[in-house]
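Contents: one structure, followed by commentary.
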Amino acid sequence: HNYGHGHGHHNPAALYKTAMRLVTRPSLLHVVLVCACLWTRVGYVQGGFSKSKKYDVTLDEGVAESMLTVASKVAEIPSEQQGKGNKMVIMTMGNYGYRAVLANFMVSLEKLEVSNYLVMCMDEDVCTMMNGMGKQDHGVNLRLSSRGKPLQNKQIWCLRTKLTLMLLEDGYDVVLSDTDAVWLQRPFAWFNHGLADVVASRGSFPKPQYESWGATMCMGLIYFHSGPETIAFVERAYRLVQESGDDQVAYNDALSSAKVRWLKSHDSGVLLGKTKLEYESSKSVSVGEAWLGNPEMASQ
């Protein structure tokens with residue numbers, strides 16, 4: 001259970017981005033896939049609560065407060081977004097068994113002069129490593145080592161969604177990045193809530209959405225703009241991931257239940273009609289719209 005990479009469903013050869021914008025009028029969400037990307041309006045999804053919380057992880061007292069304290073020290077508005085967004089944090093997770101990949105990831109960020117990152121430490125050894133590297137101000141000790149056995153991957157993906165929601169509720173824009181998603185360029189020009197509220201890498205999993213849309217949102221790299229509509233959407237995904245244990249399934253199911261429909265290319269304005277999105281070959285931004293309110297009102 002070495003953690004640091006995700007489902008393995010994103011394409012490591014290129015950076016495909018997906019984005020969503022959530023706005024309340026009433027309850028709409030915008031979604032965009034960039035470089036094979038989406039733009040969508042979506043709204044608050046009613047219902048869809050998980051039948052159980054079998055993959056939920058209860059954190060020890062003080063962990064959430066500690067995370068928010070660390071976030072307050074490193075969060076910043078990237079130069080590409082000055083005047084356009086909230087303070088932002090980049091969040092990744094790792095354990096000591098995955099330390100080499102984690103260290104490589106941090107080096108890739110610092111080469112780009114990106115310092116607003118948080119490492120969610122899955123064990124004490126990786127916390128010690130962060131301290132030894134002089135990066136203690138970027139590490140968050142989740143205090144999981146005291147548990148009888150390591151978390152399952154499904155619990156980790158549920159926990160990641162929970163931590164994301166906490167940061168969003170505290171007003172931070174959040175970028176989730178797997179540690180094997182090495183950054184080669186600064187992506188912040190795309191992480192702009194004026195463009196979209198959610199921007200994600202493009203994937204081919206889960207299969208139902210991939211077959212229906214032609215591409216899916218991948219959790220290997222995803223940005224969330226903090227706001228009431230985005231928080232409502234992540235709350236929806238959090239309820240679902242507690243049951244499924246897979247955040248990529250949960251987020252795509254949340255979007256699918258909103259009856260998303262893709263409308264046009266953002267760059268060229270060409271109407272998509274019934275054409276599916278492209279996964280690896282597209283270089284355009286696709287625009288769509290979905291309703292997150294009462295499904296019976298979707299046609300209106």
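As shown in the structure tokens, the chain order sets the letters A, B, ...; within each chain, residues go from 1, and ligands are also counted from 1 in the order they appear.
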(request) Determine, counting only C-alpha atoms, which protein, DNA and RNA residues have an atom within 12 Å of an atom of Gln209 in chain A; residues of the same chain fewer than 4 positions away are not included. Present the result as a ChimeraX atom specification. (result) /A:202-205,213-218,248-257,259-261,276-277,279
Take the residues that were just selected and, keeping N, CA, C and O atoms, output them as a tab-separated table (two decimals), in the first residue's frame.
```
chain	number	residue	atom	x	y	z
A	202	ARG	N	-7.22	14.73	-17.53
A	202	ARG	CA	-8.16	13.92	-18.29
A	202	ARG	C	-7.80	12.44	-18.16
A	202	ARG	O	-6.64	12.07	-18.23
A	203	GLY	N	-8.81	11.61	-17.96
A	203	GLY	CA	-8.58	10.17	-17.79
A	203	GLY	C	-9.54	9.35	-18.62
A	203	GLY	O	-10.36	9.87	-19.39
A	204	SER	N	-9.44	8.04	-18.45
A	204	SER	CA	-10.32	7.10	-19.16
A	204	SER	C	-11.05	6.18	-18.19
A	204	SER	O	-11.61	5.17	-18.59
A	205	PHE	N	-11.04	6.52	-16.93
A	205	PHE	CA	-11.72	5.76	-15.87
A	205	PHE	C	-12.53	6.74	-15.04
A	205	PHE	O	-12.06	7.86	-14.79
A	213	TRP	N	-18.85	9.85	-22.39
A	213	TRP	CA	-18.33	11.19	-22.68
A	213	TRP	C	-17.13	11.17	-23.63
A	213	TRP	O	-16.89	12.15	-24.32
A	214	GLY	N	-16.34	10.10	-23.60
A	214	GLY	CA	-15.10	10.04	-24.36
A	214	GLY	C	-13.88	10.37	-23.53
A	214	GLY	O	-12.75	10.14	-23.95
A	215	ALA	N	-14.07	10.90	-22.33
A	215	ALA	CA	-12.98	11.23	-21.39
A	215	ALA	C	-13.61	11.44	-20.02
A	215	ALA	O	-14.81	11.69	-19.91
A	216	THR	N	-12.80	11.33	-18.98
A	216	THR	CA	-13.29	11.51	-17.61
A	216	THR	C	-12.37	12.45	-16.86
A	216	THR	O	-11.28	12.79	-17.31
A	217	MET	N	-12.82	12.85	-15.68
A	217	MET	CA	-11.96	13.61	-14.78
A	217	MET	C	-11.03	12.64	-14.07
A	217	MET	O	-11.48	11.64	-13.52
A	218	CYS	N	-9.73	12.94	-14.05
A	218	CYS	CA	-8.75	12.11	-13.35
A	218	CYS	C	-8.27	12.86	-12.12
A	218	CYS	O	-8.05	14.07	-12.17
A	248	GLN	N	-12.10	8.93	-7.67
A	248	GLN	CA	-12.30	9.19	-9.10
A	248	GLN	C	-13.69	8.72	-9.54
A	248	GLN	O	-14.36	9.38	-10.33
A	249	VAL	N	-14.12	7.60	-9.02
A	249	VAL	CA	-15.48	7.13	-9.29
A	249	VAL	C	-16.49	8.11	-8.70
A	249	VAL	O	-17.48	8.49	-9.34
A	250	ALA	N	-16.23	8.56	-7.47
A	250	ALA	CA	-17.18	9.44	-6.78
A	250	ALA	C	-17.37	10.76	-7.50
A	250	ALA	O	-18.51	11.21	-7.72
A	251	TYR	N	-16.28	11.40	-7.91
A	251	TYR	CA	-16.39	12.70	-8.58
A	251	TYR	C	-17.07	12.56	-9.95
A	251	TYR	O	-17.90	13.40	-10.33
A	252	ASN	N	-16.72	11.54	-10.69
A	252	ASN	CA	-17.34	11.36	-12.00
A	252	ASN	C	-18.80	10.96	-11.87
A	252	ASN	O	-19.63	11.36	-12.68
A	253	ASP	N	-19.12	10.16	-10.85
A	253	ASP	CA	-20.53	9.81	-10.62
A	253	ASP	C	-21.33	11.05	-10.24
A	253	ASP	O	-22.48	11.21	-10.66
A	254	ALA	N	-20.72	11.94	-9.44
A	254	ALA	CA	-21.41	13.17	-9.06
A	254	ALA	C	-21.70	14.02	-10.29
A	254	ALA	O	-22.79	14.60	-10.42
A	255	LEU	N	-20.76	14.09	-11.21
A	255	LEU	CA	-20.96	14.86	-12.43
A	255	LEU	C	-21.95	14.17	-13.36
A	255	LEU	O	-22.82	14.81	-13.96
A	256	SER	N	-21.86	12.85	-13.44
A	256	SER	CA	-22.76	12.09	-14.30
A	256	SER	C	-24.21	12.23	-13.84
A	256	SER	O	-25.12	12.38	-14.64
A	257	SER	N	-24.42	12.20	-12.54
A	257	SER	CA	-25.79	12.31	-12.01
A	257	SER	C	-26.39	13.68	-12.28
A	257	SER	O	-27.60	13.86	-12.20
A	259	LYS	N	-26.37	14.98	-15.13
A	259	LYS	CA	-26.79	14.96	-16.54
A	259	LYS	C	-25.95	15.91	-17.40
A	259	LYS	O	-26.47	16.69	-18.20
A	260	VAL	N	-24.62	15.85	-17.22
A	260	VAL	CA	-23.74	16.75	-17.95
A	260	VAL	C	-23.90	16.55	-19.46
A	260	VAL	O	-24.06	15.42	-19.93
A	261	ARG	N	-23.88	17.63	-20.22
A	261	ARG	CA	-23.90	17.54	-21.68
A	261	ARG	C	-22.87	18.52	-22.22
A	261	ARG	O	-22.76	19.66	-21.76
A	276	LYS	N	-18.37	12.84	-29.14
A	276	LYS	CA	-17.75	12.59	-27.85
A	276	LYS	C	-16.48	13.40	-27.68
A	276	LYS	O	-15.86	13.83	-28.65
A	277	LEU	N	-16.11	13.62	-26.43
A	277	LEU	CA	-14.84	14.25	-26.15
A	277	LEU	C	-13.71	13.30	-26.53
A	277	LEU	O	-13.90	12.09	-26.57
A	279	TYR	N	-9.92	11.76	-25.70
A	279	TYR	CA	-9.11	11.52	-24.50
A	279	TYR	C	-7.68	12.01	-24.69
A	279	TYR	O	-7.22	12.93	-24.03
```
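With only C-alpha atoms as the atoms that count, the residue of A:Leu176, A:Ala64, A:Val140, A:Met133 with the shortest distance to Arg160 in chain A is A:Leu176.
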(message) DSSP on the backbone: which residues in range 119-225 of chain A end up as helix (DSSP H, G or I)? Give the answer as a VMD selection string.
(response) chain A and resid 124 to 132 136 to 138 153 to 169 207 to 213
(message) Could you list, as a PyMOL selection string, every residue within 7 Å of Glu124 in chain A, counting only C-alpha atoms and ignoring same-chain residues fewer than 3 positions away?
(response) chain A and resi 127-128+145
